[in-house]
Amino acid sequence: INTMSSFAPGLSFIDTHSNADTTNCKSFMFQVKPDVYVYADGASPPRARQSSCDISAAEVVVEFKWEPHHNPFHTPAGDPSPISHFVSETDKAMDTLGQITSYTAAQLSAQYRTHAFSILIIYDQAYIIRWDREGATVSSAIKYNEEPHLADFFHRYAQASPALCGVDTSVTSTSTEEAALARSQLGLPTTTHMLKVAVPNVDDSGSITLIFPAPVPVGQPPIGRCTRTCPAYDIGNDSVVMFKDSWQVVIANILSEGKTYKILKKNNVSNIVSCIACHDIPSIPQQATQTYKLADAVWACSHDAITQHIHYRLVLNIVGKQLCEF
């Protein structure tokens with residue numbers, strides 16, 4: 001930890017191997033307890049300085065294994081090819097793969113991120129993993145005592161913008177006054193952390209600004225649509241609406257939800273809620289999903305088919321009730 005900190009002075013490396021995140025992940029059936037959490041200086045919670053876990057503030061998750069048979073990644077002999085297999089399927093290797101996947105799943109569900117990075121260290125080798133909603137891209141093994149790539153990664157990460165690091169910069173913090181008003185309208189506890197986002201109106205007349213609660217980690221896979229919904233406060237219109245954030249599949253002839261609602265309304269279909277705002281979320285190229293683009297790279301090993309996804313938001317004018325409360 002001390003050695004790596006010297007390469008990335010803008011990051012805090014915290015030993016968390018004996019401290020599970022019991023605040024954000026108390027509903028999980030397993031402990032979210034990576035060996036090291038990396039926090040951005042100035043952004044980490046106070047308890048992070050006390051060797052505690054906070055998945056909602058973590059930048060990079062680092063896991064250590066000391067025995068080679070725990071390594072889930074097998075480096076193919078010779079040059080990788082589409083028929084080479086990269087994942088080891090031994091019991092111990094699959095346990096490790098499940099462990100690091102669950103940590104990233106918790107991180108992505110606790111934060112608004114477009115992608116995330118994690119590090120797996122197996123004795124004297126390291127792997128850098130980039131996760132997005134389409135899959136994971138894994139580096140070849142890095143002999144970190146001989147090669148500079150791991151140190152270079154943290155050095156560059158510390159200097160990169162939040163957007164490059166995977167932070168969804170379209171979601172921002174809100175003022176104390178706005179947060180208090182939204183909590184009151186939504187009936188939330190005063191301790192609930194609130195966020196803000198703007199979504200363009202369907203008629204292109206501007207946008208609506210929503211205040212909504214920060215996400216609570218759930219045990220869903222990090223890959224796929226990863227839909228999140230919650231009531232939100234429309235501060236400009238003083239109303240409560242339904243906010244939906246998801247990663248839509250990009251397939252020809254499949255309409256977005258917003259366009260589907262528009263067609264239904266145009267044809268006077270009854271008992272349909274109104275979509276008041278929606279859009280594909282604009283981003284810099286590095287924030288878009290990358291796994292789909294890399295699927296056919298010459299170095300890519302054998303993998304399942306990958307479907308392209310795009311970040312999408314939708315706002316409905318009515319908040320439904322659970323069927324048991326209807």
# chains A, B, ... in the order shown; residues from 1 in each chain; ligands from 1
>>> residues_around(residues="range 215-217 of chain A", least_positions_apart="2", cutoff="12 Å", atoms="only C-alpha atoms", output="PyMOL selection string")
chain A and resi 21-28+32+54-56+102-113+171+192-195+212-213+219-222+226-231+244-245
>>> select_by_dssp(residues="range 69-148 of chain A", states="strand (DSSP E)", output="count of residues only")
21
>>> closest_atom_pairs(of="range 8-48 of chain A", to="range 62-78 of chain A", cutoff="6 Å", atoms="only C-alpha atoms", output="Markdown table")
| residue | atom | partner | partner_atom | distance |
| --- | --- | --- | --- | --- |
| A:Pro34 | CA | A:Glu63 | CA | 5.7 |
| A:Asp35 | CA | A:Glu63 | CA | 5.1 |
| A:Val36 | CA | A:Val62 | CA | 5.0 |
>>> write_last_selection(atoms="N, CA and C atoms", output="short mmCIF file (atom, residue, chain, number, x, y, z; two decimals), in the first residue's frame")
data_model
loop_
_atom_site.label_atom_id
_atom_site.label_comp_id
_atom_site.auth_asym_id
_atom_site.auth_seq_id
_atom_site.Cartn_x
_atom_site.Cartn_y
_atom_site.Cartn_z
N PRO A 34 -13.39 -6.37 0.44
CA PRO A 34 -12.16 -6.47 -0.34
C PRO A 34 -10.93 -6.20 0.53
N ASP A 35 -9.78 -6.61 0.04
CA ASP A 35 -8.56 -6.41 0.81
C ASP A 35 -8.15 -4.94 0.87
N VAL A 36 -8.32 -4.22 -0.22
CA VAL A 36 -7.95 -2.80 -0.26
C VAL A 36 -9.02 -2.02 -1.02
#
>>> atom_distance(atom1="CA of Arg133 in chain A", atom2="CA of Thr114 in chain A")
7.9 Å
>>> atom_distance(atom1="CA of Ala116 in chain A", atom2="CA of Ser283 in chain A")
15.4 Å
>>> residues_around(residues="Ala182 in chain A", least_positions_apart="2", cutoff="8 Å", atoms="only C-alpha atoms", output="PyMOL selection string")
chain A and resi 178-180+184-186+211-212+232-233+235
>>> write_last_selection(atoms="all heavy atoms", output="tab-separated table (two decimals), in the first residue's frame")
chain	number	residue	atom	x	y	z
A	178	GLU	N	-32.32	21.98	-1.23
A	178	GLU	CA	-33.03	21.13	-2.19
A	178	GLU	C	-33.20	19.71	-1.66
A	178	GLU	O	-34.26	19.09	-1.83
A	178	GLU	CB	-32.28	21.11	-3.52
A	178	GLU	CG	-32.32	22.42	-4.28
A	178	GLU	CD	-31.43	22.39	-5.52
A	178	GLU	OE1	-30.46	21.62	-5.53
A	178	GLU	OE2	-31.72	23.16	-6.46
A	179	ALA	N	-32.14	19.20	-1.02
A	179	ALA	CA	-32.20	17.84	-0.48
A	179	ALA	C	-33.27	17.73	0.60
A	179	ALA	O	-34.04	16.76	0.62
A	179	ALA	CB	-30.84	17.44	0.08
A	180	ALA	N	-33.34	18.73	1.48
A	180	ALA	CA	-34.34	18.70	2.56
A	180	ALA	C	-35.75	18.76	2.00
A	180	ALA	O	-36.65	18.05	2.46
A	180	ALA	CB	-34.09	19.87	3.51
A	184	SER	N	-38.64	15.69	2.18
A	184	SER	CA	-39.97	15.96	2.73
A	184	SER	C	-41.06	15.51	1.76
A	184	SER	O	-42.03	14.86	2.16
A	184	SER	CB	-40.11	17.46	3.03
A	184	SER	OG	-41.43	17.77	3.43
A	185	GLN	N	-40.88	15.83	0.48
A	185	GLN	CA	-41.88	15.47	-0.52
A	185	GLN	C	-41.94	13.97	-0.77
A	185	GLN	O	-43.00	13.43	-1.10
A	185	GLN	CB	-41.58	16.20	-1.84
A	185	GLN	CG	-41.71	17.71	-1.77
A	185	GLN	CD	-43.14	18.16	-1.52
A	185	GLN	OE1	-44.07	17.60	-2.06
A	185	GLN	NE2	-43.30	19.18	-0.68
A	186	LEU	N	-40.80	13.30	-0.63
A	186	LEU	CA	-40.72	11.86	-0.90
A	186	LEU	C	-40.91	11.00	0.34
A	186	LEU	O	-40.95	9.78	0.26
A	186	LEU	CB	-39.37	11.53	-1.55
A	186	LEU	CG	-39.10	12.17	-2.91
A	186	LEU	CD1	-37.65	11.94	-3.33
A	186	LEU	CD2	-40.05	11.62	-3.97
A	211	ILE	N	-34.58	15.56	-8.06
A	211	ILE	CA	-33.82	15.26	-6.84
A	211	ILE	C	-34.29	13.89	-6.37
A	211	ILE	O	-35.49	13.65	-6.22
A	211	ILE	CB	-34.07	16.30	-5.74
A	211	ILE	CG1	-33.92	17.74	-6.28
A	211	ILE	CG2	-33.11	16.07	-4.57
A	211	ILE	CD1	-32.54	18.07	-6.76
A	212	PHE	N	-33.35	12.97	-6.16
A	212	PHE	CA	-33.72	11.59	-5.86
A	212	PHE	C	-32.70	10.98	-4.90
A	212	PHE	O	-31.56	11.46	-4.78
A	212	PHE	CB	-33.81	10.76	-7.15
A	212	PHE	CG	-32.52	10.70	-7.93
A	212	PHE	CD1	-31.68	9.62	-7.81
A	212	PHE	CD2	-32.14	11.75	-8.76
A	212	PHE	CE1	-30.50	9.56	-8.52
A	212	PHE	CE2	-30.95	11.71	-9.47
A	212	PHE	CZ	-30.13	10.61	-9.35
A	232	ALA	N	-38.94	10.35	-7.59
A	232	ALA	CA	-38.04	11.51	-7.56
A	232	ALA	C	-38.86	12.77	-7.47
A	232	ALA	O	-40.04	12.80	-7.87
A	232	ALA	CB	-37.16	11.52	-8.81
A	233	TYR	N	-38.24	13.82	-6.97
A	233	TYR	CA	-38.93	15.10	-6.83
A	233	TYR	C	-38.54	16.01	-7.99
A	233	TYR	O	-37.37	16.31	-8.20
A	233	TYR	CB	-38.57	15.76	-5.50
A	233	TYR	CG	-39.21	17.11	-5.30
A	233	TYR	CD1	-40.60	17.26	-5.35
A	233	TYR	CD2	-38.43	18.25	-5.05
A	233	TYR	CE1	-41.19	18.50	-5.17
A	233	TYR	CE2	-39.02	19.49	-4.86
A	233	TYR	CZ	-40.39	19.61	-4.92
A	233	TYR	OH	-40.98	20.84	-4.75
A	235	ILE	N	-38.25	19.33	-9.07
A	235	ILE	CA	-38.19	20.57	-8.30
A	235	ILE	C	-38.81	21.75	-9.05
A	235	ILE	O	-39.37	22.66	-8.44
A	235	ILE	CB	-36.72	20.88	-7.89
A	235	ILE	CG1	-36.67	21.94	-6.80
A	235	ILE	CG2	-35.89	21.27	-9.11
A	235	ILE	CD1	-35.32	22.06	-6.14
>>> closest_residue(among="A:Asn317, A:Phe7, A:Ser18, A:Asp296", to="Tyr261 in chain A", atoms="only C-alpha atoms")
A:Asn317
>>> select_by_dssp(residues="range 31-151 of chain A", states="helix (DSSP H, G or I)", output="VMD selection string")
chain A and resid 46 to 50 68 to 70 91 to 110 149 to 151
>>> atom_distance(atom1="CA of Leu323 in chain A", atom2="CA of Glu257 in chain A")
22.4 Å
>>> residues_around(residues="range 129-131 of chain A", least_positions_apart="5", cutoff="10 Å", atoms="only C-alpha atoms", output="mmCIF file with C-alpha atoms, in the first residue's frame")
data_model
loop_
_atom_site.group_PDB
_atom_site.id
_atom_site.type_symbol
_atom_site.label_atom_id
_atom_site.label_comp_id
_atom_site.auth_asym_id
_atom_site.auth_seq_id
_atom_site.Cartn_x
_atom_site.Cartn_y
_atom_site.Cartn_z
ATOM 1 C CA ILE A 100 -14.317 -10.070 -7.438
ATOM 2 C CA THR A 101 -17.476 -9.945 -9.578
ATOM 3 C CA THR A 104 -17.813 -4.827 -8.556
ATOM 4 C CA ALA A 105 -21.548 -5.542 -8.656
ATOM 5 C CA LEU A 108 -21.764 -0.309 -9.546
ATOM 6 C CA THR A 114 -20.446 4.262 -16.454
ATOM 7 C CA HIS A 115 -17.635 1.804 -15.741
ATOM 8 C CA ALA A 116 -15.307 0.712 -12.952
ATOM 9 C CA PHE A 117 -11.811 -0.706 -12.503
ATOM 10 C CA SER A 118 -10.611 -3.395 -10.151
ATOM 11 C CA ILE A 119 -7.264 -5.057 -9.508
ATOM 12 C CA LEU A 120 -6.647 -8.720 -8.786
ATOM 13 C CA ALA A 136 -15.220 -7.176 -18.343
ATOM 14 C CA THR A 137 -11.915 -6.607 -20.133
ATOM 15 C CA VAL A 138 -8.941 -8.190 -18.371
ATOM 16 C CA SER A 139 -5.295 -7.349 -18.952
ATOM 17 C CA SER A 140 -2.677 -10.017 -19.404
ATOM 18 C CA GLY A 166 -16.000 6.035 -14.720
ATOM 19 C CA PRO A 222 -22.905 -5.953 -12.982
ATOM 20 C CA ILE A 223 -23.708 -6.920 -16.585
ATOM 21 C CA THR A 289 -19.426 0.799 -23.022
ATOM 22 C CA GLN A 290 -16.217 -0.610 -24.505
ATOM 23 C CA THR A 291 -16.595 -4.385 -24.194
#
>>> closest_residue(among="A:Gln287, A:Ser5, A:Thr260, A:Thr96", to="Val202 in chain A", atoms="only C-alpha atoms")
A:Thr260
>>> residues_around(residues="Arg313 in chain A", least_positions_apart="3", cutoff="12 Å", atoms="only C-alpha atoms", output="ChimeraX atom specification")
/A:170-171,197-202,210,225,227-230,242-248,256-258,275-282,310,316
>>> closest_residue(among="A:Ala151, A:Ala93, A:Leu164, A:Leu181", to="Pro9 in chain A", atoms="only C-alpha atoms")
A:Ala151
>>> closest_residue(among="A:Asp15, A:Gln31, A:Cys301, A:Ser274", to="Ile1 in chain A", atoms="only C-alpha atoms")
A:Asp15
>>> residues_around(residues="Ala295 in chain A", least_positions_apart="4", cutoff="10 Å", atoms="only C-alpha atoms", output="PyMOL selection string")
chain A and resi 82+135+137+290-291+299-307
